[in-house]
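**Q** Pasting start35.cif here (mmCIF, C-alpha atoms and all ligand atoms):
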data_run
loop_
_atom_site.group_PDB
_atom_site.id
_atom_site.type_symbol
_atom_site.label_atom_id
_atom_site.label_comp_id
_atom_site.auth_asym_id
_atom_site.auth_seq_id
_atom_site.Cartn_x
_atom_site.Cartn_y
_atom_site.Cartn_z
ATOM 1 C CA MET C 1 0.000 0.000 0.000
ATOM 2 C CA GLU C 2 1.014 3.582 -0.529
ATOM 3 C CA GLU C 3 1.548 5.842 2.444
ATOM 4 C CA ALA C 4 -1.667 6.574 4.297
ATOM 5 C CA TYR C 5 -3.392 9.929 4.096
ATOM 6 C CA ASP C 6 -5.835 10.641 6.894
ATOM 7 C CA ARG C 7 -8.753 12.319 5.156
ATOM 8 C CA GLY C 8 -10.701 13.045 8.303
ATOM 9 C CA VAL C 9 -14.457 12.595 8.340
ATOM 10 C CA ILE C 10 -15.293 15.266 5.792
ATOM 11 C CA GLU C 11 -13.083 15.982 2.784
ATOM 12 C CA ASP C 12 -11.137 19.188 3.090
ATOM 13 C CA PHE C 13 -9.779 20.344 -0.260
ATOM 14 C CA GLY C 14 -8.010 23.178 1.552
ATOM 15 C CA ARG C 15 -5.387 20.613 2.549
ATOM 16 C CA TRP C 16 -4.302 20.023 -1.060
ATOM 17 C CA ARG C 17 -0.662 20.766 -0.291
ATOM 18 C CA GLU C 18 -0.542 17.605 1.813
ATOM 19 C CA PHE C 19 -2.144 15.385 -0.801
ATOM 20 C CA SER C 20 -0.350 12.188 -1.823
ATOM 21 C CA ALA C 21 -0.580 10.636 -5.305
ATOM 22 C CA GLY C 22 -3.605 8.627 -4.189
ATOM 23 C CA MET C 23 -5.380 11.757 -3.053
ATOM 24 C CA TRP C 24 -4.715 13.441 -6.400
ATOM 25 C CA ALA C 25 -6.063 10.402 -8.229
ATOM 26 C CA TRP C 26 -9.183 10.683 -6.114
ATOM 27 C CA VAL C 27 -9.595 14.423 -6.734
ATOM 28 C CA PHE C 28 -9.050 14.068 -10.503
ATOM 29 C CA HIS C 29 -11.471 11.174 -10.697
ATOM 30 C CA LYS C 30 -14.091 13.224 -8.911
ATOM 31 C CA PHE C 31 -13.521 16.295 -11.049
ATOM 32 C CA THR C 32 -13.597 14.393 -14.364
ATOM 33 C CA GLY C 33 -16.731 12.575 -13.184
ATOM 34 C CA TRP C 34 -18.543 15.881 -12.571
ATOM 35 C CA VAL C 35 -17.532 17.145 -16.003
ATOM 36 C CA LEU C 36 -18.846 13.997 -17.693
ATOM 37 C CA VAL C 37 -22.292 14.042 -16.028
ATOM 38 C CA GLY C 38 -22.493 17.772 -16.709
ATOM 39 C CA TYR C 39 -21.737 17.065 -20.348
ATOM 40 C CA LEU C 40 -24.399 14.353 -20.508
ATOM 41 C CA PHE C 41 -27.048 16.765 -19.207
ATOM 42 C CA VAL C 42 -26.127 19.188 -22.009
ATOM 43 C CA HIS C 43 -25.617 16.523 -24.688
ATOM 44 C CA ILE C 44 -29.193 15.163 -24.523
ATOM 45 C CA PRO C 45 -30.798 18.630 -24.891
ATOM 46 C CA VAL C 46 -28.553 19.316 -27.915
ATOM 47 C CA LEU C 47 -29.492 15.982 -29.501
ATOM 48 C CA SER C 48 -33.135 16.794 -28.674
ATOM 49 C CA THR C 49 -33.150 19.075 -31.693
ATOM 50 C CA ALA C 50 -33.843 15.781 -33.500
ATOM 51 C CA LEU C 51 -37.384 16.081 -32.097
ATOM 52 C CA VAL C 52 -37.854 19.340 -33.977
ATOM 53 C CA GLY C 53 -36.714 17.995 -37.297
ATOM 54 C CA ALA C 54 -33.865 16.687 -39.384
ATOM 55 C CA GLU C 55 -32.740 20.109 -40.639
ATOM 56 C CA THR C 56 -32.642 21.621 -37.161
ATOM 57 C CA TYR C 57 -30.593 18.693 -35.857
ATOM 58 C CA THR C 58 -28.061 18.843 -38.671
ATOM 59 C CA ALA C 59 -27.833 22.645 -38.514
ATOM 60 C CA THR C 60 -27.348 22.619 -34.724
ATOM 61 C CA ILE C 61 -24.593 20.019 -34.701
ATOM 62 C CA GLN C 62 -22.770 21.416 -37.697
ATOM 63 C CA GLY C 63 -23.153 24.926 -36.297
ATOM 64 C CA LEU C 64 -21.589 23.875 -33.000
ATOM 65 C CA GLU C 65 -18.807 21.949 -34.686
ATOM 66 C CA SER C 66 -17.906 24.972 -36.802
ATOM 67 C CA LEU C 67 -16.958 26.942 -33.682
ATOM 68 C CA PRO C 68 -13.270 26.645 -32.773
ATOM 69 C CA ILE C 69 -14.090 26.873 -29.056
ATOM 70 C CA VAL C 70 -16.323 23.797 -29.295
ATOM 71 C CA ARG C 71 -13.492 21.837 -30.943
ATOM 72 C CA VAL C 72 -11.078 22.821 -28.213
ATOM 73 C CA LEU C 73 -13.571 21.899 -25.514
ATOM 74 C CA GLU C 74 -14.061 18.534 -27.221
ATOM 75 C CA VAL C 75 -10.369 17.753 -26.952
ATOM 76 C CA GLY C 76 -10.681 18.666 -23.262
ATOM 77 C CA LEU C 77 -13.701 16.388 -22.972
ATOM 78 C CA LEU C 78 -11.776 13.557 -24.601
ATOM 79 C CA ALA C 79 -8.901 14.002 -22.153
ATOM 80 C CA VAL C 80 -11.324 14.069 -19.245
ATOM 81 C CA ALA C 81 -13.103 10.939 -20.503
ATOM 82 C CA VAL C 82 -9.886 9.027 -21.187
ATOM 83 C CA PHE C 83 -8.510 9.839 -17.743
ATOM 84 C CA HIS C 84 -11.784 8.821 -16.086
ATOM 85 C CA ILE C 85 -11.779 5.546 -18.033
ATOM 86 C CA MET C 86 -8.109 4.747 -17.340
ATOM 87 C CA ASN C 87 -8.247 5.671 -13.689
ATOM 88 C CA GLY C 88 -11.615 3.966 -13.292
ATOM 89 C CA THR C 89 -10.199 0.749 -14.754
ATOM 90 C CA ARG C 90 -7.317 1.055 -12.300
ATOM 91 C CA LEU C 91 -9.797 1.409 -9.439
ATOM 92 C CA LEU C 92 -11.733 -1.656 -10.612
ATOM 93 C CA PHE C 93 -8.546 -3.708 -10.519
ATOM 94 C CA ILE C 94 -7.717 -2.372 -7.076
ATOM 95 C CA ASP C 95 -11.208 -3.337 -5.877
ATOM 96 C CA LEU C 96 -10.427 -6.843 -7.094
ATOM 97 C CA GLY C 97 -7.219 -6.736 -5.080
ATOM 98 C CA ILE C 98 -4.986 -6.625 -8.149
ATOM 99 C CA GLY C 99 -2.093 -4.171 -8.176
ATOM 100 C CA LEU C 100 -2.377 -2.996 -4.574
ATOM 101 C CA GLU C 101 1.393 -2.630 -4.495
ATOM 102 C CA ARG C 102 1.529 -0.520 -7.602
ATOM 103 C CA GLN C 103 -1.170 2.101 -7.091
ATOM 104 C CA LYS C 104 1.114 5.059 -7.533
ATOM 105 C CA VAL C 105 2.778 3.739 -10.689
ATOM 106 C CA SER C 106 -0.559 2.819 -12.241
ATOM 107 C CA PHE C 107 -1.898 6.307 -11.494
ATOM 108 C CA TYR C 108 1.059 7.895 -13.258
ATOM 109 C CA ALA C 109 0.531 5.466 -16.141
ATOM 110 C CA SER C 110 -3.127 6.616 -16.396
ATOM 111 C CA LEU C 111 -1.983 10.221 -16.619
ATOM 112 C CA LEU C 112 0.604 9.418 -19.241
ATOM 113 C CA ILE C 113 -1.746 7.382 -21.432
ATOM 114 C CA THR C 114 -4.362 10.131 -21.182
ATOM 115 C CA ALA C 115 -1.846 12.723 -22.292
ATOM 116 C CA ILE C 116 -0.683 10.626 -25.229
ATOM 117 C CA ILE C 117 -4.193 9.864 -26.492
ATOM 118 C CA ALA C 118 -5.321 13.475 -26.065
ATOM 119 C CA VAL C 119 -2.338 14.893 -27.910
ATOM 120 C CA ALA C 120 -2.538 12.290 -30.666
ATOM 121 C CA SER C 121 -6.225 13.127 -31.213
ATOM 122 C CA VAL C 122 -5.759 16.860 -31.586
ATOM 123 C CA PRO C 123 -5.359 16.817 -35.402
ATOM 124 C CA THR C 124 -8.541 14.779 -35.915
ATOM 125 C CA PHE C 125 -10.583 16.932 -33.545
ATOM 126 C CA ILE C 126 -9.358 20.245 -34.820
ATOM 127 C CA SER C 127 -9.230 19.622 -38.556
ATOM 128 C CA GLY C 128 -11.171 22.076 -40.653
ATOM 129 C CA VAL C 129 -12.034 24.830 -38.174
ATOM 130 C CA PHE C 130 -8.889 26.907 -38.008
ATOM 131 C CA MET G 1 -25.538 0.323 -5.413
ATOM 132 C CA TRP G 2 -21.842 -0.230 -4.950
ATOM 133 C CA PHE G 3 -22.020 -3.244 -7.211
ATOM 134 C CA LEU G 4 -24.217 -1.545 -9.823
ATOM 135 C CA GLN G 5 -21.767 1.347 -9.941
ATOM 136 C CA ARG G 6 -18.976 -1.161 -10.847
ATOM 137 C CA VAL G 7 -21.101 -3.072 -13.381
ATOM 138 C CA THR G 8 -22.122 0.112 -15.194
ATOM 139 C CA ALA G 9 -18.479 1.213 -15.045
ATOM 140 C CA VAL G 10 -17.320 -1.873 -16.935
ATOM 141 C CA PHE G 11 -20.030 -1.399 -19.554
ATOM 142 C CA LEU G 12 -19.287 2.315 -19.941
ATOM 143 C CA ILE G 13 -15.547 1.789 -20.388
ATOM 144 C CA GLY G 14 -16.251 -0.045 -23.601
ATOM 145 C CA VAL G 15 -19.201 1.961 -24.873
ATOM 146 C CA LEU G 16 -17.812 5.415 -24.159
ATOM 147 C CA ALA G 17 -14.557 4.550 -25.896
ATOM 148 C CA PHE G 18 -16.552 3.195 -28.841
ATOM 149 C CA HIS G 19 -18.739 6.316 -28.910
ATOM 150 C CA PHE G 20 -15.792 8.685 -29.133
ATOM 151 C CA PHE G 21 -14.116 6.536 -31.714
ATOM 152 C CA GLN G 22 -17.262 6.275 -33.810
ATOM 153 C CA LEU G 23 -18.155 9.965 -33.761
ATOM 154 C CA HIS G 24 -14.726 11.491 -34.171
ATOM 155 C CA PHE G 25 -12.625 9.065 -36.128
ATOM 156 C CA VAL G 26 -15.026 6.903 -38.117
ATOM 157 C CA GLU G 27 -17.520 9.724 -38.675
ATOM 158 C CA HIS G 28 -16.065 13.148 -38.461
ATOM 159 C CA ALA G 29 -18.063 15.057 -35.798
ATOM 160 C CA ALA G 30 -18.356 18.078 -38.083
ATOM 161 C CA ASP G 31 -19.985 15.976 -40.796
ATOM 162 C CA ILE G 32 -22.712 14.503 -38.607
ATOM 163 C CA GLU G 33 -26.107 14.961 -40.137
ATOM 164 C CA PHE G 34 -29.509 13.629 -39.344
ATOM 165 C CA ALA G 35 -29.465 11.044 -42.105
ATOM 166 C CA GLY G 36 -26.281 9.460 -40.707
ATOM 167 C CA THR G 37 -27.604 9.390 -37.158
ATOM 168 C CA GLN G 38 -30.839 7.893 -38.437
ATOM 169 C CA ALA G 39 -29.053 5.184 -40.405
ATOM 170 C CA ARG G 40 -27.109 4.207 -37.263
ATOM 171 C CA MET G 41 -30.090 4.419 -34.930
ATOM 172 C CA GLN G 42 -32.213 2.241 -37.216
ATOM 173 C CA GLN G 43 -29.938 -0.694 -36.586
ATOM 174 C CA PRO G 44 -31.539 -2.485 -33.608
ATOM 175 C CA PHE G 45 -28.231 -3.310 -31.969
ATOM 176 C CA TYR G 46 -26.914 0.256 -32.201
ATOM 177 C CA PHE G 47 -30.229 1.608 -30.935
ATOM 178 C CA ALA G 48 -30.250 -0.771 -27.969
ATOM 179 C CA THR G 49 -26.622 0.008 -27.185
ATOM 180 C CA MET G 50 -27.333 3.753 -27.214
ATOM 181 C CA VAL G 51 -30.355 3.460 -24.949
ATOM 182 C CA LEU G 52 -28.420 1.218 -22.539
ATOM 183 C CA PHE G 53 -25.559 3.697 -22.730
ATOM 184 C CA LEU G 54 -27.976 6.483 -21.810
ATOM 185 C CA VAL G 55 -29.380 4.601 -18.815
ATOM 186 C CA ALA G 56 -26.002 3.320 -17.575
ATOM 187 C CA ALA G 57 -24.270 6.695 -17.958
ATOM 188 C CA THR G 58 -27.069 8.534 -16.184
ATOM 189 C CA PHE G 59 -27.126 6.077 -13.294
ATOM 190 C CA HIS G 60 -23.347 5.932 -12.982
ATOM 191 C CA GLY G 61 -22.936 9.709 -13.190
ATOM 192 C CA VAL G 62 -25.751 10.705 -10.874
ATOM 193 C CA ASN G 63 -24.947 7.989 -8.335
ATOM 194 C CA GLY G 64 -21.336 9.182 -8.433
ATOM 195 C CA VAL G 65 -22.406 12.748 -7.720
ATOM 196 C CA TYR G 66 -24.644 11.597 -4.865
ATOM 197 C CA ASN G 67 -21.813 9.597 -3.298
ATOM 198 C CA ALA G 68 -19.467 12.555 -3.620
ATOM 199 C CA LEU G 69 -21.954 14.774 -1.814
ATOM 200 C CA ILE G 70 -22.331 12.227 0.983
ATOM 201 C CA ASN G 71 -18.545 12.204 1.266
ATOM 202 C CA GLN G 72 -18.683 15.953 1.717
ATOM 203 C CA GLY G 73 -20.968 15.466 4.689
ATOM 204 C CA LEU G 74 -24.454 15.718 3.163
ATOM 205 C CA ASP G 75 -26.991 14.125 5.501
ATOM 206 C CA GLY G 76 -30.329 14.419 7.260
ATOM 207 C CA ARG G 77 -33.161 16.237 5.534
ATOM 208 C CA ALA G 78 -30.931 17.862 2.929
ATOM 209 C CA ARG G 79 -29.733 14.418 1.898
ATOM 210 C CA THR G 80 -33.292 13.177 1.371
ATOM 211 C CA VAL G 81 -34.197 16.246 -0.660
ATOM 212 C CA VAL G 82 -31.050 16.016 -2.800
ATOM 213 C CA LYS G 83 -31.651 12.322 -3.357
ATOM 214 C CA TRP G 84 -35.137 12.843 -4.761
ATOM 215 C CA VAL G 85 -34.104 15.796 -6.862
ATOM 216 C CA LEU G 86 -31.376 13.641 -8.415
ATOM 217 C CA VAL G 87 -33.754 10.726 -8.963
ATOM 218 C CA LEU G 88 -36.240 13.000 -10.743
ATOM 219 C CA ALA G 89 -33.530 14.665 -12.836
ATOM 220 C CA SER G 90 -32.233 11.234 -13.894
ATOM 221 C CA LEU G 91 -35.663 9.949 -14.834
ATOM 222 C CA GLY G 92 -36.288 13.138 -16.783
ATOM 223 C CA LEU G 93 -33.022 12.779 -18.656
ATOM 224 C CA ILE G 94 -33.678 9.123 -19.468
ATOM 225 C CA VAL G 95 -37.236 9.750 -20.671
ATOM 226 C CA GLN G 96 -36.074 12.639 -22.835
ATOM 227 C CA GLY G 97 -33.140 10.588 -24.140
ATOM 228 C CA ILE G 98 -35.460 7.759 -25.169
ATOM 229 C CA ARG G 99 -37.821 10.181 -26.941
ATOM 230 C CA VAL G 100 -34.800 11.541 -28.774
ATOM 231 C CA ALA G 101 -33.538 8.073 -29.659
ATOM 232 C CA MET G 102 -36.969 7.197 -31.074
ATOM 233 C CA ALA G 103 -37.114 10.401 -33.106
ATOM 234 C CA MET G 104 -33.654 9.617 -34.468
ATOM 235 C CA ALA G 105 -34.703 6.140 -35.487
ATOM 236 C CA GLY G 106 -37.900 7.541 -36.995
ATOM 237 C CA VAL G 107 -40.186 5.597 -34.653
ATOM 238 C CA HIS G 108 -43.396 7.333 -33.626
ATOM 239 C CA ILE G 109 -45.808 6.130 -30.998
ATOM 240 C CA GLY G 110 -49.022 8.010 -30.372
HETATM 241 C C1 LIG U 201 -17.487 15.252 -28.270
HETATM 242 C C2 LIG U 201 -17.821 13.995 -28.198
HETATM 243 C C3 LIG U 201 -19.199 13.489 -28.540
HETATM 244 C C4 LIG U 201 -19.910 13.625 -29.728
HETATM 245 C C5 LIG U 201 -19.497 14.356 -31.009
HETATM 246 C C6 LIG U 201 -21.179 12.926 -29.522
HETATM 247 C C7 LIG U 201 -22.196 12.843 -30.476
HETATM 248 C C8 LIG U 201 -23.344 12.068 -30.364
HETATM 249 C C9 LIG U 201 -24.318 11.854 -31.422
HETATM 250 C C10 LIG U 201 -24.254 12.487 -32.825
HETATM 251 C C11 LIG U 201 -25.281 11.012 -30.928
HETATM 252 C C12 LIG U 201 -26.506 10.472 -31.694
HETATM 253 C C13 LIG U 201 -26.275 9.040 -32.160
HETATM 254 C C14 LIG U 201 -25.512 8.922 -33.478
HETATM 255 O O1 LIG U 201 -25.508 9.857 -34.312
HETATM 256 O O2 LIG U 201 -24.893 7.849 -33.705
HETATM 257 C C15 LIG U 201 -24.930 10.700 -29.553
HETATM 258 C C16 LIG U 201 -25.667 9.910 -28.692
HETATM 259 C C17 LIG U 201 -25.368 9.723 -27.332
HETATM 260 N N1 LIG U 201 -24.255 10.195 -26.653
HETATM 261 FE FE1 LIG U 201 -22.755 11.296 -27.441
HETATM 262 N N2 LIG U 201 -21.220 12.396 -28.242
HETATM 263 C C18 LIG U 201 -20.039 12.717 -27.604
HETATM 264 C C19 LIG U 201 -19.660 12.385 -26.303
HETATM 265 C C20 LIG U 201 -20.476 11.740 -25.376
HETATM 266 C C21 LIG U 201 -20.143 11.505 -23.971
HETATM 267 C C22 LIG U 201 -18.840 11.924 -23.286
HETATM 268 C C23 LIG U 201 -21.217 10.857 -23.417
HETATM 269 C C24 LIG U 201 -21.429 10.371 -21.986
HETATM 270 C C25 LIG U 201 -21.137 11.075 -20.937
HETATM 271 C C26 LIG U 201 -22.204 10.680 -24.471
HETATM 272 C C27 LIG U 201 -23.443 10.055 -24.311
HETATM 273 C C28 LIG U 201 -24.352 9.801 -25.321
HETATM 274 C C29 LIG U 201 -25.586 9.036 -25.124
HETATM 275 C C30 LIG U 201 -26.082 8.422 -23.813
HETATM 276 C C31 LIG U 201 -26.221 8.995 -26.394
HETATM 277 C C32 LIG U 201 -27.563 8.336 -26.724
HETATM 278 C C33 LIG U 201 -28.650 9.387 -26.646
HETATM 279 C C34 LIG U 201 -30.049 8.836 -26.775
HETATM 280 O O3 LIG U 201 -30.231 7.610 -26.939
HETATM 281 O O4 LIG U 201 -30.979 9.666 -26.705
HETATM 282 N N3 LIG U 201 -21.733 11.233 -25.635
HETATM 283 N N4 LIG U 201 -23.733 11.360 -29.237
#
Would you kindly transcribe this structure into structure tokens?
Ligand code: HEM

**A**
Amino acid sequence: MEEAYDRGVIEDFGRWREFSAGMWAWVFHKFTGWVLVGYLFVHIPVLSTALVGAETYTATIQGLESLPIVRVLEVGLLAVAVFHIMNGTRLLFIDLGIGLERQKVSFYASLLITAIIAVASVPTFISGVF
Amino acid sequence: MWFLQRVTAVFLIGVLAFHFFQLHFVEHAADIEFAGTQARMQQPFYFATMVLFLVAATFHGVNGVYNALINQGLDGRARTVVKWVLVLASLGLIVQGIRVAMAMAGVHIG
């Protein structure tokens, strides 16, 4: 196991300077999770333009995708999703008791893989708007 | 709940990765148009996967938020209120998502 961090009864983000790798993994997982649900609650309303009609749906999506800011946010969303997936997979293995000795290394690996996938995807996500 | 959160997690790992891959690399997001969405949504397997994705993602996300709030010390009456607000918001999102999925597939009931 990694060194213990005594969280106390209620989480106190003000203590971030004391956080260990495990605590950062926990904070990032939480943050990326909030972003993803937030996205889902926006995504469905956007797709709901399909209820109005085919033209509205196509115009809405293509209109959004033509904005550079949307493209940049999408790369951010991809990074957030990849980290949440990688770290979540790590947590599932830890729940199964696999890799208890390597929690810190596997967290750094999640960060690294996220960075690589996000950077490698930039050309595909950005193409055509700038 | 703990177990359901893990089961939906496993499902979402695969489907979310597929979703991103499908709509950014296979189809370019900027070229999405209704006809393409409709062609995908008319395949029963894709349709079912999307609806399951909707339900699993909503449950997993909202349950995650609820757990985070409990971690922050939410309890008593506020906890009960928050719980029901989240349950209603989730049901609303799922109902709306299914209406959308049906419109995409071109299915009309009533
Ligand atoms: C920027 C990345 C994304 C794009 C461009 C995108 C686009 C789309 C599109 C066009 C559809 C309609 C189905 C189709 O055309 O095949 C769809 C459905 C869906 N997406 Fe996404 N999506 C993205 C990310 C996400 C994320 C991160 C989530 C989950 C948090 C998500 C959850 C869903 C769900 C649940 C449906 C089904 C909706 C329903 O059945 O009503 N999407 N997405």

**Q** Can you work out which residues from chain C touch chain G at a cut-off of 6 Å (counting all atoms listed in the file) and hand them back as a list in words?

**A**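 Close enough to count are Ile10, Glu11, Val37, Ser48, Leu51, Ala54, Thr58, Gln62, Glu65 and Ile85 of chain C.
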
**Q** Given the selection you just returned, output its residues as a file containing C-alpha atoms, formatted as a short mmCIF file (atom, residue, chain, number, x, y, z; two decimals), in the frame of the given file.

**A**
data_model
loop_
_atom_site.label_atom_id
_atom_site.label_comp_id
_atom_site.auth_asym_id
_atom_site.auth_seq_id
_atom_site.Cartn_x
_atom_site.Cartn_y
_atom_site.Cartn_z
CA ILE C 10 -15.29 15.27 5.79
CA GLU C 11 -13.08 15.98 2.78
CA VAL C 37 -22.29 14.04 -16.03
CA SER C 48 -33.14 16.79 -28.67
CA LEU C 51 -37.38 16.08 -32.10
CA ALA C 54 -33.86 16.69 -39.38
CA THR C 58 -28.06 18.84 -38.67
CA GLN C 62 -22.77 21.42 -37.70
CA GLU C 65 -18.81 21.95 -34.69
CA ILE C 85 -11.78 5.55 -18.03
#

**Q** Tell me which of C:Leu77, C:Ile69, C:Leu111, C:Ile98 sits closest to Leu36 in chain C, counting only C-alpha atoms.

**A**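 Ranking C:Leu77, C:Ile69, C:Leu111, C:Ile98 by distance to Leu36 in chain C, first place goes to C:Leu77.
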
**Q** Report the distance between atom O3 of ligand LIG 201 (chain U) and CA of Val51 in chain G in Å, rounded to one decimal place.

**A**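 These atoms are spaced 4.6 Å apart.
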
**Q** Where does chain C meet ligand LIG 201 (chain U) within 9 Å, residue by residue, with the nearest atom pair and distance in Å to one decimal for each, counting only C-alpha atoms and all ligand atoms, listed by chain and rising number, as CSV?

**A**
residue,atom,partner,partner_atom,distance
C:Val35,CA,U:LIG201,C25,8.6
C:Leu36,CA,U:LIG201,C25,4.9
C:Val37,CA,U:LIG201,C25,5.9
C:Gly38,CA,U:LIG201,C25,8.0
C:Tyr39,CA,U:LIG201,C25,6.0
C:Leu40,CA,U:LIG201,C25,4.6
C:Phe41,CA,U:LIG201,C25,8.4
C:His43,CA,U:LIG201,FE1,6.6
C:Ile44,CA,U:LIG201,C33,6.2
C:Leu47,CA,U:LIG201,C12,6.6
C:Ser48,CA,U:LIG201,O4,7.7
C:Ile61,CA,U:LIG201,C10,7.8
C:Glu65,CA,U:LIG201,C5,8.5
C:Val70,CA,U:LIG201,C1,8.7
C:Arg71,CA,U:LIG201,C1,8.2
C:Leu73,CA,U:LIG201,C1,8.2
C:Glu74,CA,U:LIG201,C1,4.9
C:Val75,CA,U:LIG201,C1,7.7
C:Leu77,CA,U:LIG201,C1,6.6
C:Leu78,CA,U:LIG201,C1,7.0
C:Val80,CA,U:LIG201,C22,8.8
C:Ala81,CA,U:LIG201,C22,6.5
C:Phe125,CA,U:LIG201,C1,8.8

**Q** Between CA of Thr56 in chain C and CA of Pro44 in chain G, what is the spacing in Å?

**A**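 Answer for the CA of Pro44 in chain G to CA of Thr56 in chain C separation: 24.4 Å.
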
**Q** By how many Å are CA of Met1 in chain G and CA of Tyr108 in chain C apart?

**A**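 About the pair CA of Met1 in chain G and CA of Tyr108 in chain C: they are 28.7 Å apart.
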
**Q** Within 10 Å of (-7.0, 8.5, -26.6) in the file's own coordinates, which protein, DNA or RNA residues have an atom, counting all atoms listed in the file? List them as a PyMOL selection string.

**A** (chain C and resi 75+78-79+81-83+113-122) or (chain G and resi 17+20-21)

**Q** Let me have the centre and edge lengths in Å, one decimal, of the box along x, y and z around every listed atom of range 68-77 of chain G with 4 Å of margin on each side, as JSON.

**A**
{"center_x": -25.9, "center_y": 14.2, "center_z": 1.8, "size_x": 22.6, "size_y": 12.0, "size_z": 18.9}

**Q** C:Gly88, C:Gly99, C:Gly53, C:Gly63: which is nearest Gln5 in chain G, counting all atoms listed in the file?

**A**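 Among the listed residues, the smallest separation from Gln5 in chain G belongs to C:Gly88.
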
**Q** Restricting the calculation to all atoms listed in the file: of G:Val55, G:Val15, G:Leu4, G:Ala48, which residue gets closest to Leu91 in chain G?

**A**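 Using all atoms listed in the file, the shortest distance to Leu91 in chain G belongs to G:Val55.
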
**Q** Looking at C:Thr124, C:Val42, C:Gly22, C:Leu67, which one is nearest to Arg102 in chain C, with distances taken over only C-alpha atoms?

**A**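 Looking at the shortest contact to Arg102 in chain C, the residue is C:Gly22.
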